[in-house]
Amino acid sequence: MDFRKKLDEIYSIIPNSEPCIENCGVCCTPINWTPVEDTFITEYMKKNGIEKVTWGLTELAENNWKCPYLDGDMKCKIYPVRPLICRIMGHTAKLKCPNKKQTNLSRHDVDKITRAYMKLNEKYIESNI
């Protein structure tokens, strides 16, 4: 299975986030990503000399609970491979962006994304056991 292609198909359901304010960072808090995303994020980070960050509570608090992948200019270091949670920000009623007009996905699209995303991760984990 081409996991990258399947992940990109899931991401393609989400509207483009161009209306976001460049280097805003308001929505960029510490996040987790799934094993299938980790593969591509780690690959990107190695290729681009980006160090993987694992902050504890102290480091998170010292950095105002911002994502460790924001640089000093509030620009995302892993933007091209950012995980689903970052891509969907500002596109659902529960993940509103305070700085832009909300572009809500339909309930059908949210369900479709969720099911496909979970299924892909299950297959990925099964293939790596």
# chains A, B, ... in the order shown; residues from 1 in each chain; ligands from 1
call {"tool": "closest_atom_pairs", "arguments": {"of": "region 21-88 of chain A", "to": "region 5-16 of chain A", "cutoff": "9 Å", "atoms": "only C-alpha atoms", "output": "JSON lines"}}
result
{"residue": "A:Val36", "atom": "CA", "partner": "A:Leu7", "partner_atom": "CA", "distance": 8.3}
{"residue": "A:Glu37", "atom": "CA", "partner": "A:Leu7", "partner_atom": "CA", "distance": 8.1}
{"residue": "A:Leu84", "atom": "CA", "partner": "A:Tyr11", "partner_atom": "CA", "distance": 7.1}
{"residue": "A:Arg87", "atom": "CA", "partner": "A:Ile14", "partner_atom": "CA", "distance": 7.2}
{"residue": "A:Ile88", "atom": "CA", "partner": "A:Ile14", "partner_atom": "CA", "distance": 6.6}
call {"tool": "write_last_selection", "arguments": {"atoms": "N, CA, C and O atoms", "output": "mmCIF file, in the first residue's frame"}}
result
data_model
loop_
_atom_site.group_PDB
_atom_site.id
_atom_site.type_symbol
_atom_site.label_atom_id
_atom_site.label_comp_id
_atom_site.auth_asym_id
_atom_site.auth_seq_id
_atom_site.Cartn_x
_atom_site.Cartn_y
_atom_site.Cartn_z
ATOM 1 N N VAL A 36 1.688 6.635 11.070
ATOM 2 C CA VAL A 36 1.868 6.802 9.623
ATOM 3 C C VAL A 36 2.382 8.210 9.313
ATOM 4 O O VAL A 36 3.259 8.387 8.466
ATOM 5 N N GLU A 37 1.892 9.222 10.002
ATOM 6 C CA GLU A 37 2.390 10.577 9.802
ATOM 7 C C GLU A 37 3.826 10.709 10.300
ATOM 8 O O GLU A 37 4.649 11.401 9.681
ATOM 9 N N LEU A 84 -2.463 15.912 10.433
ATOM 10 C CA LEU A 84 -3.887 16.171 10.209
ATOM 11 C C LEU A 84 -4.436 17.223 11.169
ATOM 12 O O LEU A 84 -5.153 18.121 10.745
ATOM 13 N N ARG A 87 -3.704 20.590 9.915
ATOM 14 C CA ARG A 87 -4.379 20.880 8.653
ATOM 15 C C ARG A 87 -5.861 21.186 8.840
ATOM 16 O O ARG A 87 -6.441 21.971 8.109
ATOM 17 N N ILE A 88 -6.461 20.551 9.849
ATOM 18 C CA ILE A 88 -7.911 20.683 10.024
ATOM 19 C C ILE A 88 -8.284 21.895 10.892
ATOM 20 O O ILE A 88 -9.431 22.316 10.911
#
call {"tool": "select_by_dssp", "arguments": {"residues": "chain A", "states": "alpha helix (DSSP H)", "output": "short mmCIF file (atom, residue, chain, number, x, y, z; two decimals) with all heavy atoms, in the first residue's frame"}}
result
data_model
loop_
_atom_site.label_atom_id
_atom_site.label_comp_id
_atom_site.auth_asym_id
_atom_site.auth_seq_id
_atom_site.Cartn_x
_atom_site.Cartn_y
_atom_site.Cartn_z
N PHE A 3 1.24 4.38 1.44
CA PHE A 3 0.69 5.13 2.57
C PHE A 3 0.75 6.63 2.35
O PHE A 3 -0.15 7.36 2.76
CB PHE A 3 1.42 4.74 3.87
CG PHE A 3 1.09 3.35 4.32
CD1 PHE A 3 1.98 2.31 4.12
CD2 PHE A 3 -0.11 3.07 4.94
CE1 PHE A 3 1.68 1.02 4.53
CE2 PHE A 3 -0.43 1.78 5.36
CZ PHE A 3 0.47 0.75 5.15
N ARG A 4 1.79 7.11 1.70
CA ARG A 4 1.90 8.56 1.44
C ARG A 4 0.76 9.02 0.53
O ARG A 4 0.14 10.05 0.77
CB ARG A 4 3.26 8.86 0.78
CG ARG A 4 3.47 10.32 0.45
CD ARG A 4 3.79 11.10 1.69
NE ARG A 4 2.85 12.19 1.85
CZ ARG A 4 2.89 13.08 2.82
NH1 ARG A 4 3.80 12.99 3.76
NH2 ARG A 4 2.01 14.04 2.91
N LYS A 5 0.48 8.24 -0.50
CA LYS A 5 -0.59 8.60 -1.43
C LYS A 5 -1.94 8.61 -0.72
O LYS A 5 -2.75 9.52 -0.90
CB LYS A 5 -0.61 7.62 -2.60
CG LYS A 5 -1.66 7.94 -3.63
CD LYS A 5 -1.63 6.94 -4.78
CE LYS A 5 -2.76 7.24 -5.75
NZ LYS A 5 -2.87 6.22 -6.78
N LYS A 6 -2.18 7.60 0.11
CA LYS A 6 -3.46 7.52 0.85
C LYS A 6 -3.59 8.68 1.82
O LYS A 6 -4.67 9.25 1.97
CB LYS A 6 -3.57 6.19 1.59
CG LYS A 6 -3.75 4.99 0.68
CD LYS A 6 -5.12 5.01 0.07
CE LYS A 6 -5.39 3.75 -0.70
NZ LYS A 6 -6.65 3.80 -1.42
N LEU A 7 -2.51 9.03 2.50
CA LEU A 7 -2.55 10.15 3.43
C LEU A 7 -2.83 11.45 2.69
O LEU A 7 -3.65 12.26 3.13
CB LEU A 7 -1.22 10.23 4.18
CG LEU A 7 -1.15 11.05 5.45
CD1 LEU A 7 -2.21 10.63 6.47
CD2 LEU A 7 0.23 10.96 6.07
N ASP A 8 -2.21 11.64 1.55
CA ASP A 8 -2.46 12.84 0.74
C ASP A 8 -3.91 12.89 0.26
O ASP A 8 -4.49 13.98 0.17
CB ASP A 8 -1.50 12.91 -0.45
CG ASP A 8 -0.09 13.30 -0.03
OD1 ASP A 8 0.08 13.89 1.06
OD2 ASP A 8 0.84 13.02 -0.81
N GLU A 9 -4.50 11.75 -0.04
CA GLU A 9 -5.91 11.71 -0.44
C GLU A 9 -6.81 12.19 0.70
O GLU A 9 -7.78 12.92 0.48
CB GLU A 9 -6.31 10.30 -0.88
CG GLU A 9 -5.74 9.89 -2.22
CD GLU A 9 -5.99 8.43 -2.55
OE1 GLU A 9 -6.74 7.73 -1.81
OE2 GLU A 9 -5.41 7.97 -3.55
N ILE A 10 -6.48 11.78 1.91
CA ILE A 10 -7.24 12.22 3.08
C ILE A 10 -7.07 13.72 3.27
O ILE A 10 -8.04 14.45 3.46
CB ILE A 10 -6.81 11.44 4.35
CG1 ILE A 10 -7.18 9.96 4.22
CG2 ILE A 10 -7.44 12.05 5.61
CD1 ILE A 10 -6.52 9.06 5.24
N TYR A 11 -5.83 14.18 3.21
CA TYR A 11 -5.56 15.61 3.37
C TYR A 11 -6.27 16.45 2.32
O TYR A 11 -6.66 17.59 2.58
CB TYR A 11 -4.06 15.89 3.29
CG TYR A 11 -3.21 15.37 4.42
CD1 TYR A 11 -1.84 15.23 4.25
CD2 TYR A 11 -3.74 15.03 5.66
CE1 TYR A 11 -1.02 14.78 5.29
CE2 TYR A 11 -2.94 14.57 6.69
CZ TYR A 11 -1.57 14.45 6.49
OH TYR A 11 -0.76 14.01 7.51
N PRO A 35 1.39 7.16 13.89
CA PRO A 35 2.56 6.47 13.34
C PRO A 35 2.77 6.66 11.84
O PRO A 35 3.90 6.86 11.40
CB PRO A 35 2.28 5.00 13.68
CG PRO A 35 1.44 5.05 14.91
CD PRO A 35 0.56 6.26 14.70
N VAL A 36 1.69 6.63 11.07
CA VAL A 36 1.87 6.80 9.62
C VAL A 36 2.38 8.21 9.31
O VAL A 36 3.26 8.39 8.47
CB VAL A 36 0.58 6.45 8.83
CG1 VAL A 36 -0.51 7.46 9.05
CG2 VAL A 36 0.88 6.29 7.34
N GLU A 37 1.89 9.22 10.00
CA GLU A 37 2.39 10.58 9.80
C GLU A 37 3.83 10.71 10.30
O GLU A 37 4.65 11.40 9.68
CB GLU A 37 1.50 11.59 10.53
CG GLU A 37 0.16 11.77 9.87
CD GLU A 37 -0.76 12.68 10.64
OE1 GLU A 37 -0.85 12.57 11.89
OE2 GLU A 37 -1.41 13.52 10.00
N ASP A 38 4.14 10.04 11.39
CA ASP A 38 5.48 10.12 11.96
C ASP A 38 6.53 9.68 10.95
O ASP A 38 7.61 10.28 10.86
CB ASP A 38 5.58 9.27 13.23
CG ASP A 38 6.92 9.46 13.92
OD1 ASP A 38 7.22 10.61 14.31
OD2 ASP A 38 7.67 8.47 14.03
N THR A 39 6.22 8.68 10.16
CA THR A 39 7.17 8.20 9.15
C THR A 39 7.56 9.32 8.19
O THR A 39 8.74 9.55 7.92
CB THR A 39 6.54 7.04 8.35
OG1 THR A 39 6.28 5.97 9.25
CG2 THR A 39 7.46 6.56 7.25
N PHE A 40 6.58 10.05 7.69
CA PHE A 40 6.84 11.08 6.70
C PHE A 40 7.39 12.36 7.33
O PHE A 40 8.23 13.04 6.75
CB PHE A 40 5.58 11.35 5.87
CG PHE A 40 5.09 10.09 5.23
CD1 PHE A 40 3.91 9.50 5.62
CD2 PHE A 40 5.84 9.46 4.25
CE1 PHE A 40 3.47 8.32 5.04
CE2 PHE A 40 5.42 8.28 3.66
CZ PHE A 40 4.23 7.70 4.05
N ILE A 41 6.94 12.66 8.54
CA ILE A 41 7.46 13.84 9.25
C ILE A 41 8.93 13.61 9.61
O ILE A 41 9.78 14.49 9.39
CB ILE A 41 6.60 14.16 10.49
CG1 ILE A 41 5.21 14.61 10.06
CG2 ILE A 41 7.29 15.22 11.37
CD1 ILE A 41 4.19 14.72 11.20
N THR A 42 9.25 12.43 10.12
CA THR A 42 10.64 12.11 10.49
C THR A 42 11.54 12.14 9.26
O THR A 42 12.65 12.68 9.31
CB THR A 42 10.70 10.74 11.19
OG1 THR A 42 9.91 10.80 12.38
CG2 THR A 42 12.12 10.37 11.56
N GLU A 43 11.07 11.59 8.17
CA GLU A 43 11.83 11.59 6.92
C GLU A 43 12.11 13.04 6.47
O GLU A 43 13.23 13.38 6.09
CB GLU A 43 11.03 10.85 5.85
CG GLU A 43 11.65 10.76 4.49
CD GLU A 43 10.72 10.06 3.52
OE1 GLU A 43 10.56 8.83 3.66
OE2 GLU A 43 10.16 10.73 2.64
N TYR A 44 11.09 13.88 6.53
CA TYR A 44 11.23 15.28 6.14
C TYR A 44 12.23 15.99 7.06
O TYR A 44 13.07 16.76 6.60
CB TYR A 44 9.86 15.97 6.20
CG TYR A 44 9.91 17.44 5.87
CD1 TYR A 44 9.85 17.88 4.55
CD2 TYR A 44 10.02 18.40 6.87
CE1 TYR A 44 9.91 19.23 4.24
CE2 TYR A 44 10.07 19.75 6.57
CZ TYR A 44 10.02 20.16 5.25
OH TYR A 44 10.07 21.50 4.95
N MET A 45 12.13 15.74 8.36
CA MET A 45 13.01 16.40 9.32
C MET A 45 14.46 15.99 9.08
O MET A 45 15.35 16.84 9.09
CB MET A 45 12.56 16.09 10.75
CG MET A 45 11.26 16.80 11.07
SD MET A 45 10.54 16.66 12.74
CE MET A 45 11.51 15.54 13.62
N LYS A 46 14.71 14.71 8.84
CA LYS A 46 16.07 14.24 8.57
C LYS A 46 16.62 14.89 7.30
O LYS A 46 17.76 15.36 7.27
CB LYS A 46 16.10 12.72 8.42
CG LYS A 46 15.99 11.99 9.74
CD LYS A 46 15.99 10.50 9.54
CE LYS A 46 15.80 9.78 10.86
NZ LYS A 46 15.69 8.32 10.68
N LYS A 47 15.79 14.94 6.27
CA LYS A 47 16.21 15.51 4.98
C LYS A 47 16.51 17.00 5.10
O LYS A 47 17.36 17.52 4.38
CB LYS A 47 15.09 15.30 3.96
CG LYS A 47 15.46 15.72 2.55
CD LYS A 47 14.25 15.62 1.63
CE LYS A 47 14.19 14.27 0.98
NZ LYS A 47 13.12 14.19 -0.05
N LEU A 57 6.73 18.78 30.41
CA LEU A 57 5.86 19.87 30.87
C LEU A 57 6.62 21.15 31.17
O LEU A 57 6.15 22.25 30.88
CB LEU A 57 5.06 19.43 32.09
CG LEU A 57 4.01 18.34 31.85
CD1 LEU A 57 3.36 17.94 33.17
CD2 LEU A 57 2.97 18.81 30.86
N THR A 58 7.81 21.03 31.73
CA THR A 58 8.61 22.21 32.07
C THR A 58 8.96 22.99 30.81
O THR A 58 8.77 24.21 30.74
CB THR A 58 9.90 21.81 32.82
OG1 THR A 58 9.53 21.11 34.00
CG2 THR A 58 10.73 23.03 33.18
N GLU A 59 9.47 22.29 29.78
CA GLU A 59 9.85 22.96 28.54
C GLU A 59 8.64 23.55 27.83
O GLU A 59 8.70 24.65 27.27
CB GLU A 59 10.56 21.99 27.58
CG GLU A 59 11.91 21.53 28.06
CD GLU A 59 11.87 20.25 28.88
OE1 GLU A 59 10.77 19.75 29.18
OE2 GLU A 59 12.93 19.76 29.25
N LEU A 60 7.53 22.84 27.86
CA LEU A 60 6.31 23.36 27.25
C LEU A 60 5.87 24.66 27.93
O LEU A 60 5.56 25.65 27.27
CB LEU A 60 5.18 22.33 27.30
CG LEU A 60 5.35 21.12 26.38
CD1 LEU A 60 4.34 20.04 26.74
CD2 LEU A 60 5.20 21.54 24.93
N ALA A 61 5.87 24.66 29.25
CA ALA A 61 5.48 25.86 29.99
C ALA A 61 6.45 27.01 29.72
O ALA A 61 6.04 28.15 29.54
CB ALA A 61 5.40 25.55 31.49
N GLU A 62 7.74 26.70 29.69
CA GLU A 62 8.74 27.73 29.42
C GLU A 62 8.59 28.34 28.03
O GLU A 62 9.03 29.46 27.78
CB GLU A 62 10.15 27.15 29.57
CG GLU A 62 10.54 26.85 30.99
CD GLU A 62 11.84 26.06 31.11
OE1 GLU A 62 12.39 25.61 30.08
OE2 GLU A 62 12.29 25.88 32.25
N LEU A 84 -2.46 15.91 10.43
CA LEU A 84 -3.89 16.17 10.21
C LEU A 84 -4.44 17.22 11.17
O LEU A 84 -5.15 18.12 10.75
CB LEU A 84 -4.69 14.87 10.34
CG LEU A 84 -6.20 15.02 10.18
CD1 LEU A 84 -6.55 15.36 8.73
CD2 LEU A 84 -6.91 13.75 10.61
N ILE A 85 -4.10 17.14 12.43
CA ILE A 85 -4.66 18.07 13.41
C ILE A 85 -4.33 19.51 13.04
O ILE A 85 -5.14 20.41 13.21
CB ILE A 85 -4.20 17.73 14.85
CG1 ILE A 85 -4.97 18.54 15.88
CG2 ILE A 85 -2.71 17.89 15.03
CD1 ILE A 85 -6.43 18.20 15.99
N CYS A 86 -3.15 19.76 12.50
CA CYS A 86 -2.76 21.11 12.08
C CYS A 86 -3.51 21.53 10.82
O CYS A 86 -3.90 22.68 10.67
CB CYS A 86 -1.26 21.17 11.83
SG CYS A 86 -0.27 20.76 13.27
N ARG A 87 -3.70 20.59 9.92
CA ARG A 87 -4.38 20.88 8.65
C ARG A 87 -5.86 21.19 8.84
O ARG A 87 -6.44 21.97 8.11
CB ARG A 87 -4.23 19.70 7.69
CG ARG A 87 -2.81 19.49 7.25
CD ARG A 87 -2.66 18.16 6.50
NE ARG A 87 -1.28 17.88 6.25
CZ ARG A 87 -0.63 18.20 5.13
NH1 ARG A 87 -1.26 18.82 4.16
NH2 ARG A 87 0.64 17.91 4.99
N ILE A 88 -6.46 20.55 9.85
CA ILE A 88 -7.91 20.68 10.02
C ILE A 88 -8.28 21.90 10.89
O ILE A 88 -9.43 22.32 10.91
CB ILE A 88 -8.49 19.36 10.57
CG1 ILE A 88 -9.93 19.20 10.14
CG2 ILE A 88 -8.31 19.24 12.07
CD1 ILE A 88 -10.45 17.80 10.24
N ARG A 107 -20.28 17.72 8.24
CA ARG A 107 -20.20 16.58 9.16
C ARG A 107 -19.81 15.32 8.38
O ARG A 107 -19.03 14.50 8.85
CB ARG A 107 -21.57 16.40 9.84
CG ARG A 107 -21.60 15.29 10.86
CD ARG A 107 -20.91 15.73 12.15
NE ARG A 107 -19.95 14.71 12.50
CZ ARG A 107 -18.89 14.90 13.27
NH1 ARG A 107 -18.62 16.07 13.75
NH2 ARG A 107 -18.08 13.93 13.55
N HIS A 108 -20.35 15.20 7.17
CA HIS A 108 -20.03 14.06 6.29
C HIS A 108 -18.52 14.02 6.00
O HIS A 108 -17.90 12.96 6.08
CB HIS A 108 -20.82 14.16 4.98
CG HIS A 108 -20.41 13.17 3.96
ND1 HIS A 108 -20.78 11.84 4.01
CD2 HIS A 108 -19.62 13.30 2.86
CE1 HIS A 108 -20.25 11.20 2.99
NE2 HIS A 108 -19.54 12.07 2.26
N ASP A 109 -17.93 15.18 5.67
CA ASP A 109 -16.50 15.21 5.37
C ASP A 109 -15.65 14.92 6.61
O ASP A 109 -14.64 14.22 6.52
CB ASP A 109 -16.10 16.55 4.77
CG ASP A 109 -16.48 16.66 3.30
OD1 ASP A 109 -16.75 15.62 2.66
OD2 ASP A 109 -16.51 17.81 2.79
N VAL A 110 -16.06 15.45 7.75
CA VAL A 110 -15.32 15.16 8.99
C VAL A 110 -15.36 13.66 9.29
O VAL A 110 -14.33 13.06 9.62
CB VAL A 110 -15.88 15.98 10.18
CG1 VAL A 110 -15.25 15.53 11.50
CG2 VAL A 110 -15.66 17.47 9.96
N ASP A 111 -16.52 13.05 9.15
CA ASP A 111 -16.64 11.60 9.36
C ASP A 111 -15.81 10.82 8.35
O ASP A 111 -15.14 9.85 8.70
CB ASP A 111 -18.10 11.16 9.28
CG ASP A 111 -18.92 11.64 10.46
OD1 ASP A 111 -18.33 12.05 11.49
OD2 ASP A 111 -20.17 11.60 10.37
N LYS A 112 -15.84 11.26 7.11
CA LYS A 112 -15.08 10.60 6.04
C LYS A 112 -13.57 10.67 6.33
O LYS A 112 -12.85 9.68 6.22
CB LYS A 112 -15.39 11.27 4.70
CG LYS A 112 -14.71 10.67 3.51
CD LYS A 112 -15.15 11.41 2.25
CE LYS A 112 -14.43 10.88 1.02
NZ LYS A 112 -14.83 11.60 -0.20
N ILE A 113 -13.11 11.84 6.73
CA ILE A 113 -11.70 12.02 7.07
C ILE A 113 -11.33 11.14 8.25
O ILE A 113 -10.31 10.44 8.23
CB ILE A 113 -11.40 13.51 7.39
CG1 ILE A 113 -11.50 14.34 6.11
CG2 ILE A 113 -10.04 13.67 8.05
CD1 ILE A 113 -11.56 15.84 6.37
N THR A 114 -12.15 11.17 9.29
CA THR A 114 -11.87 10.40 10.51
C THR A 114 -11.79 8.91 10.22
O THR A 114 -10.84 8.23 10.64
CB THR A 114 -12.93 10.69 11.59
OG1 THR A 114 -12.94 12.09 11.84
CG2 THR A 114 -12.64 9.93 12.87
N ARG A 115 -12.78 8.39 9.50
CA ARG A 115 -12.78 6.95 9.19
C ARG A 115 -11.57 6.56 8.34
O ARG A 115 -10.90 5.56 8.64
CB ARG A 115 -14.07 6.56 8.47
CG ARG A 115 -15.28 6.41 9.38
CD ARG A 115 -16.46 5.75 8.69
NE ARG A 115 -16.83 6.39 7.43
CZ ARG A 115 -17.64 7.46 7.32
NH1 ARG A 115 -18.16 7.99 8.41
NH2 ARG A 115 -17.93 7.97 6.14
N ALA A 116 -11.29 7.32 7.31
CA ALA A 116 -10.17 7.00 6.42
C ALA A 116 -8.83 7.10 7.16
O ALA A 116 -7.95 6.26 6.99
CB ALA A 116 -10.18 7.92 5.21
N TYR A 117 -8.71 8.11 8.00
CA TYR A 117 -7.48 8.33 8.77
C TYR A 117 -7.23 7.20 9.76
O TYR A 117 -6.12 6.67 9.85
CB TYR A 117 -7.62 9.67 9.49
CG TYR A 117 -6.43 10.18 10.23
CD1 TYR A 117 -5.29 10.60 9.57
CD2 TYR A 117 -6.46 10.28 11.63
CE1 TYR A 117 -4.21 11.10 10.27
CE2 TYR A 117 -5.39 10.79 12.33
CZ TYR A 117 -4.26 11.20 11.64
OH TYR A 117 -3.20 11.70 12.33
N MET A 118 -8.26 6.80 10.48
CA MET A 118 -8.12 5.71 11.44
C MET A 118 -7.83 4.38 10.74
O MET A 118 -6.97 3.61 11.19
CB MET A 118 -9.38 5.59 12.31
CG MET A 118 -9.66 6.82 13.16
SD MET A 118 -8.26 7.37 14.17
CE MET A 118 -8.18 6.05 15.34
N LYS A 119 -8.50 4.14 9.64
CA LYS A 119 -8.29 2.91 8.87
C LYS A 119 -6.86 2.85 8.33
O LYS A 119 -6.20 1.81 8.39
CB LYS A 119 -9.30 2.82 7.73
CG LYS A 119 -9.23 1.54 6.94
CD LYS A 119 -10.32 1.53 5.88
CE LYS A 119 -10.26 0.25 5.06
NZ LYS A 119 -11.29 0.23 4.01
N LEU A 120 -6.38 3.96 7.81
CA LEU A 120 -5.02 4.01 7.28
C LEU A 120 -4.00 3.74 8.38
O LEU A 120 -3.04 2.98 8.18
CB LEU A 120 -4.75 5.37 6.64
CG LEU A 120 -3.36 5.56 6.03
CD1 LEU A 120 -3.15 4.61 4.86
CD2 LEU A 120 -3.17 7.00 5.59
N ASN A 121 -4.20 4.32 9.55
CA ASN A 121 -3.26 4.09 10.65
C ASN A 121 -3.30 2.65 11.13
O ASN A 121 -2.27 2.08 11.45
CB ASN A 121 -3.52 5.07 11.78
CG ASN A 121 -2.85 6.38 11.51
OD1 ASN A 121 -1.63 6.48 11.61
ND2 ASN A 121 -3.60 7.38 11.09
N GLU A 122 -4.47 2.05 11.17
CA GLU A 122 -4.57 0.63 11.54
C GLU A 122 -3.79 -0.24 10.56
O GLU A 122 -3.04 -1.12 10.98
CB GLU A 122 -6.04 0.19 11.58
CG GLU A 122 -6.82 0.74 12.75
CD GLU A 122 -8.31 0.45 12.65
OE1 GLU A 122 -8.73 -0.39 11.82
OE2 GLU A 122 -9.07 1.07 13.42
N LYS A 123 -3.97 0.02 9.26
CA LYS A 123 -3.25 -0.76 8.25
C LYS A 123 -1.74 -0.54 8.35
O LYS A 123 -0.95 -1.45 8.19
CB LYS A 123 -3.74 -0.40 6.85
CG LYS A 123 -5.10 -0.97 6.55
CD LYS A 123 -5.50 -0.71 5.12
CE LYS A 123 -6.88 -1.35 4.88
NZ LYS A 123 -7.25 -1.37 3.49
N TYR A 124 -1.36 0.70 8.63
CA TYR A 124 0.05 1.01 8.76
C TYR A 124 0.66 0.24 9.93
O TYR A 124 1.72 -0.37 9.81
CB TYR A 124 0.26 2.51 8.94
CG TYR A 124 1.71 2.88 9.05
CD1 TYR A 124 2.50 3.02 7.92
CD2 TYR A 124 2.31 3.07 10.30
CE1 TYR A 124 3.85 3.32 8.01
CE2 TYR A 124 3.64 3.39 10.40
CZ TYR A 124 4.41 3.51 9.27
OH TYR A 124 5.74 3.80 9.38
N ILE A 125 -0.01 0.27 11.06
CA ILE A 125 0.49 -0.42 12.26
C ILE A 125 0.55 -1.92 12.00
O ILE A 125 1.55 -2.58 12.33
CB ILE A 125 -0.39 -0.09 13.48
CG1 ILE A 125 -0.17 1.38 13.88
CG2 ILE A 125 -0.08 -1.02 14.66
CD1 ILE A 125 -1.17 1.92 14.87
N GLU A 126 -0.49 -2.48 11.39
CA GLU A 126 -0.50 -3.91 11.06
C GLU A 126 0.65 -4.29 10.14
O GLU A 126 1.26 -5.35 10.30
CB GLU A 126 -1.83 -4.31 10.40
CG GLU A 126 -3.00 -4.33 11.34
CD GLU A 126 -4.34 -4.50 10.62
OE1 GLU A 126 -4.34 -4.67 9.37
OE2 GLU A 126 -5.37 -4.48 11.31
N SER A 127 0.97 -3.43 9.19
CA SER A 127 2.03 -3.74 8.23
C SER A 127 3.42 -3.62 8.84
O SER A 127 4.40 -4.07 8.26
CB SER A 127 1.93 -2.84 7.00
OG SER A 127 2.32 -1.52 7.30
#
call {"tool": "residues_around", "arguments": {"residues": "Gly90 (chain A)", "least_positions_apart": "5", "cutoff": "8 Å", "atoms": "only C-alpha atoms", "output": "PDB file with N, CA and C atoms, in the first residue's frame"}}
result
ATOM      1  N   LEU A  95     -12.575  23.284  16.266  1.00  0.00           N
ATOM      2  CA  LEU A  95     -11.199  23.751  16.119  1.00  0.00           C
ATOM      3  C   LEU A  95     -11.187  25.063  15.343  1.00  0.00           C
ATOM      4  N   LYS A  96     -11.748  26.076  15.956  1.00  0.00           N
ATOM      5  CA  LYS A  96     -11.869  27.375  15.301  1.00  0.00           C
ATOM      6  C   LYS A  96     -10.566  28.158  15.382  1.00  0.00           C
ATOM      7  N   CYS A  97     -10.291  28.893  14.317  1.00  0.00           N
ATOM      8  CA  CYS A  97      -9.159  29.817  14.305  1.00  0.00           C
ATOM      9  C   CYS A  97      -9.702  31.199  14.656  1.00  0.00           C
ATOM     10  N   LYS A 100      -9.348  34.091  11.477  1.00  0.00           N
ATOM     11  CA  LYS A 100      -9.808  34.017  10.091  1.00  0.00           C
ATOM     12  C   LYS A 100     -11.261  33.587  10.024  1.00  0.00           C
ATOM     13  N   GLN A 102     -14.141  31.281   9.423  1.00  0.00           N
ATOM     14  CA  GLN A 102     -14.248  29.836   9.557  1.00  0.00           C
ATOM     15  C   GLN A 102     -14.699  29.201   8.242  1.00  0.00           C
ATOM     16  N   THR A 103     -14.016  28.138   7.853  1.00  0.00           N
ATOM     17  CA  THR A 103     -14.403  27.347   6.691  1.00  0.00           C
ATOM     18  C   THR A 103     -14.767  25.964   7.212  1.00  0.00           C
ATOM     19  N   ASN A 104     -16.024  25.762   7.512  1.00  0.00           N
ATOM     20  CA  ASN A 104     -16.424  24.498   8.118  1.00  0.00           C
ATOM     21  C   ASN A 104     -16.548  23.371   7.110  1.00  0.00           C
TER      22      ASN A 104
END
call {"tool": "residues_around", "arguments": {"residues": "Lys77 (chain A)", "least_positions_apart": "5", "cutoff": "9 Å", "atoms": "only C-alpha atoms", "output": "compact mmCIF listing (two decimals) with all heavy atoms, in the first residue's frame"}}
result
# COMPACT_ATOMS: atom_id res chain seq x y z
N MET A 45 12.13 15.74 8.36
CA MET A 45 13.01 16.40 9.32
C MET A 45 14.46 15.99 9.08
O MET A 45 15.35 16.84 9.09
CB MET A 45 12.56 16.09 10.75
CG MET A 45 11.26 16.80 11.07
SD MET A 45 10.54 16.66 12.74
CE MET A 45 11.51 15.54 13.62
N ILE A 50 16.21 19.05 10.60
CA ILE A 50 15.38 19.51 11.71
C ILE A 50 15.43 18.46 12.81
O ILE A 50 15.17 17.28 12.57
CB ILE A 50 13.91 19.72 11.25
CG1 ILE A 50 13.87 20.78 10.13
CG2 ILE A 50 13.03 20.13 12.43
CD1 ILE A 50 12.54 20.82 9.41
N TYR A 69 7.83 22.99 16.98
CA TYR A 69 8.29 23.09 15.59
C TYR A 69 8.04 24.47 14.99
O TYR A 69 8.18 24.67 13.79
CB TYR A 69 7.69 21.97 14.75
CG TYR A 69 8.21 20.64 15.24
CD1 TYR A 69 7.43 19.81 16.02
CD2 TYR A 69 9.52 20.26 14.99
CE1 TYR A 69 7.93 18.62 16.53
CE2 TYR A 69 10.04 19.08 15.50
CZ TYR A 69 9.24 18.27 16.26
OH TYR A 69 9.75 17.10 16.77
N LEU A 70 7.71 25.44 15.84
CA LEU A 70 7.65 26.83 15.38
C LEU A 70 9.03 27.44 15.56
O LEU A 70 9.67 27.24 16.59
CB LEU A 70 6.65 27.64 16.23
CG LEU A 70 5.18 27.39 16.00
CD1 LEU A 70 4.36 28.22 16.98
CD2 LEU A 70 4.78 27.71 14.57
N ASP A 71 9.49 28.18 14.55
CA ASP A 71 10.77 28.85 14.71
C ASP A 71 10.56 30.19 15.40
O ASP A 71 9.43 30.53 15.79
CB ASP A 71 11.51 28.99 13.37
CG ASP A 71 10.83 29.93 12.39
OD1 ASP A 71 9.94 30.71 12.78
OD2 ASP A 71 11.21 29.88 11.20
N ARG A 82 2.97 18.76 7.84
CA ARG A 82 2.25 18.94 9.10
C ARG A 82 1.14 17.87 9.22
O ARG A 82 0.55 17.47 8.23
CB ARG A 82 1.68 20.34 9.22
CG ARG A 82 0.58 20.66 8.23
CD ARG A 82 0.38 22.16 8.09
NE ARG A 82 -0.71 22.48 7.19
CZ ARG A 82 -0.65 22.40 5.87
NH1 ARG A 82 0.44 21.99 5.27
NH2 ARG A 82 -1.69 22.74 5.13
call {"tool": "select_by_dssp", "arguments": {"residues": "chain A", "states": "strand (DSSP E or B)", "output": "PyMOL selection string"}}
result
chain A and resi 70+76+92+95
